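K.L.:
Quick one: structure below, then a few questions.
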Amino acid sequence: MDEMILDLIDYGVEDEFDEDEESGEITIYGDPSSFSAIQKHLEAEGFEVTGAEFTRIPNDLKEVTPEQREAIDKMVEKLEDFDDVQTVYTNMKPEE
């Protein structure tokens with residue numbers, strides 16, 4: 001796995017990854033502008049790409065109070081009700 005990640009760094013992939021041992025799937029994170037090159041390289045190396053998506057990952061997660069979380073969750077729900085809204089992202093720390 002480490003060799004593969006080192007090889008993919010040239011394609012804009014970060015050195016962090018998530019591995020699901022049960023399903024045998026690996027999630028890698030990379031530069032969206034390199035998406036096509038990463039996918040082509042993986043397929044050329046014999047890997048099956050089972051899913052791919054663009055996701056915004058916050059650099060700085062923020063602590064919020066339960067009241068703030070409730071208000072933000074309500075706002076996100078209302079935003080997601082609009083047909084033109086595809087995805088809503090926040091930088092709240094996940095609940096523990």
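Chains: A, B, ... in order of the structure tokens. Residues: from 1 per chain. Ligands: from 1, in order shown.
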Among segment 5-91 of chain A, which ones does DSSP assign to helix (DSSP H, G or I) (computed from the backbone)? Answer as a VMD selection string.

P.N.:
chain A and resid 5 to 9 32 to 44 66 to 80

K.L.:
Residues within 10 Å of Asp60 of chain A, please, as an MDAnalysis selection string. Count only C-alpha atoms; anything in the same chain fewer than 4 positions from it doesn't count.

P.N.:
chainID A and resid 91:93

K.L.:
Considering only C-alpha atoms, state which residue in the set A:Glu77, A:Asp15, A:Asp10, A:Glu70 is at the smallest distance from Ala37 of chain A.

P.N.:
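Once distances to Ala37 of chain A are computed over only C-alpha atoms, the minimum belongs to A:Asp10.
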
K.L.:
My list of candidates is A:Glu96, A:Glu14, A:Asp73, A:Glu63. Which is closest to Pro32 of chain A when distances are computed with only C-alpha atoms?

P.N.:
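Among the listed residues, the smallest separation from Pro32 of chain A belongs to A:Glu14.
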
K.L.:
Which residues are near segment 85-90 of chain A? Cut-off 8 Å, only C-alpha atoms, ignore same chain within fewer than 6 positions. Put them as an MDAnalysis selection string.

P.N.:
chainID A and resid 56 58 76 79

K.L.:
Using only C-alpha atoms, can you tell me which of A:Glu67, A:Glu80, A:Glu53, A:Glu95 comes closest to Phe35 of chain A?

P.N.:
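Using only C-alpha atoms, Phe35 of chain A sits closest to A:Glu53.
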
K.L.:
One decimal, in Å: what's the spacing between atom CA of Thr55 of chain A and atom CA of Ser34 of chain A?

P.N.:
13.9 Å

K.L.:
So that I can check the surroundings of Ile38 of chain A, please list as a list in words every protein, DNA and RNA residue that reaches within 8 Å of it, counting only C-alpha atoms and ignoring chain neighbours fewer than 4 positions away.

P.N.:
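The neighbour list is Leu8, Tyr11, Gly12, Val13, Ser34 and Leu42 of chain A.
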
K.L.:
Save out the residues we just selected, C-alpha atoms, as a tab-separated table (two decimals), in the first residue's frame.

P.N.:
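Listing of result_27.tsv after writing:
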```
chain	number	residue	atom	x	y	z
A	8	LEU	CA	0.40	8.12	-6.71
A	11	TYR	CA	-0.41	12.37	-9.50
A	12	GLY	CA	-1.45	14.68	-6.66
A	13	VAL	CA	-2.61	12.02	-4.19
A	34	SER	CA	-5.61	15.32	-11.24
A	42	LEU	CA	-5.09	3.11	-11.09
```

K.L.:
Please measure the separation of atom CA of Gln68 of chain A and atom CA of Asp84 of chain A, giving the value in Å to one decimal.

P.N.:
25.3 Å

K.L.:
Write down as a short mmCIF file (atom, residue, chain, number, x, y, z; two decimals) with N, CA and C atoms, in the first residue's frame the residues belonging to segment 8-65 of chain A that are assigned strand (DSSP E) by DSSP computed on the backbone.

P.N.:
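Generated output (part.cif):
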```cif
data_model
loop_
_atom_site.label_atom_id
_atom_site.label_comp_id
_atom_site.auth_asym_id
_atom_site.auth_seq_id
_atom_site.Cartn_x
_atom_site.Cartn_y
_atom_site.Cartn_z
N VAL A 13 -1.94 12.74 -5.28
CA VAL A 13 -2.61 12.02 -4.19
C VAL A 13 -1.89 12.31 -2.88
N GLU A 14 -2.68 12.55 -1.83
CA GLU A 14 -2.12 12.78 -0.51
C GLU A 14 -1.63 11.46 0.08
N ASP A 15 -0.74 11.54 1.06
CA ASP A 15 -0.20 10.30 1.63
C ASP A 15 -1.11 9.69 2.68
N GLU A 16 -2.27 10.30 2.95
CA GLU A 16 -3.25 9.72 3.86
C GLU A 16 -4.27 8.92 3.06
N PHE A 17 -4.73 7.81 3.62
CA PHE A 17 -5.75 7.00 2.96
C PHE A 17 -6.53 6.25 4.02
N ASP A 18 -7.72 5.80 3.64
CA ASP A 18 -8.56 5.00 4.53
C ASP A 18 -8.71 3.62 3.91
N GLU A 19 -8.58 2.60 4.74
CA GLU A 19 -8.66 1.22 4.25
C GLU A 19 -9.77 0.48 4.98
N ASP A 20 -10.68 -0.11 4.22
CA ASP A 20 -11.76 -0.92 4.77
C ASP A 20 -11.38 -2.38 4.54
N GLU A 25 -11.66 -2.35 0.23
CA GLU A 25 -11.62 -1.09 -0.50
C GLU A 25 -10.70 -0.08 0.19
N ILE A 26 -10.08 0.76 -0.63
CA ILE A 26 -9.19 1.79 -0.13
C ILE A 26 -9.70 3.12 -0.65
N THR A 27 -9.77 4.11 0.22
CA THR A 27 -10.15 5.45 -0.17
C THR A 27 -8.91 6.32 -0.17
N ILE A 28 -8.64 6.95 -1.32
CA ILE A 28 -7.50 7.85 -1.42
C ILE A 28 -8.01 9.26 -1.64
N TYR A 29 -7.19 10.24 -1.30
CA TYR A 29 -7.56 11.64 -1.42
C TYR A 29 -6.53 12.33 -2.28
N GLY A 30 -7.00 13.14 -3.22
CA GLY A 30 -6.06 13.80 -4.11
C GLY A 30 -6.58 15.11 -4.65
#
```

K.L.:
Please measure the separation of atom CA of Ile57 of chain A and atom CA of Ile72 of chain A, giving the value in Å to one decimal.

P.N.:
17.4 Å
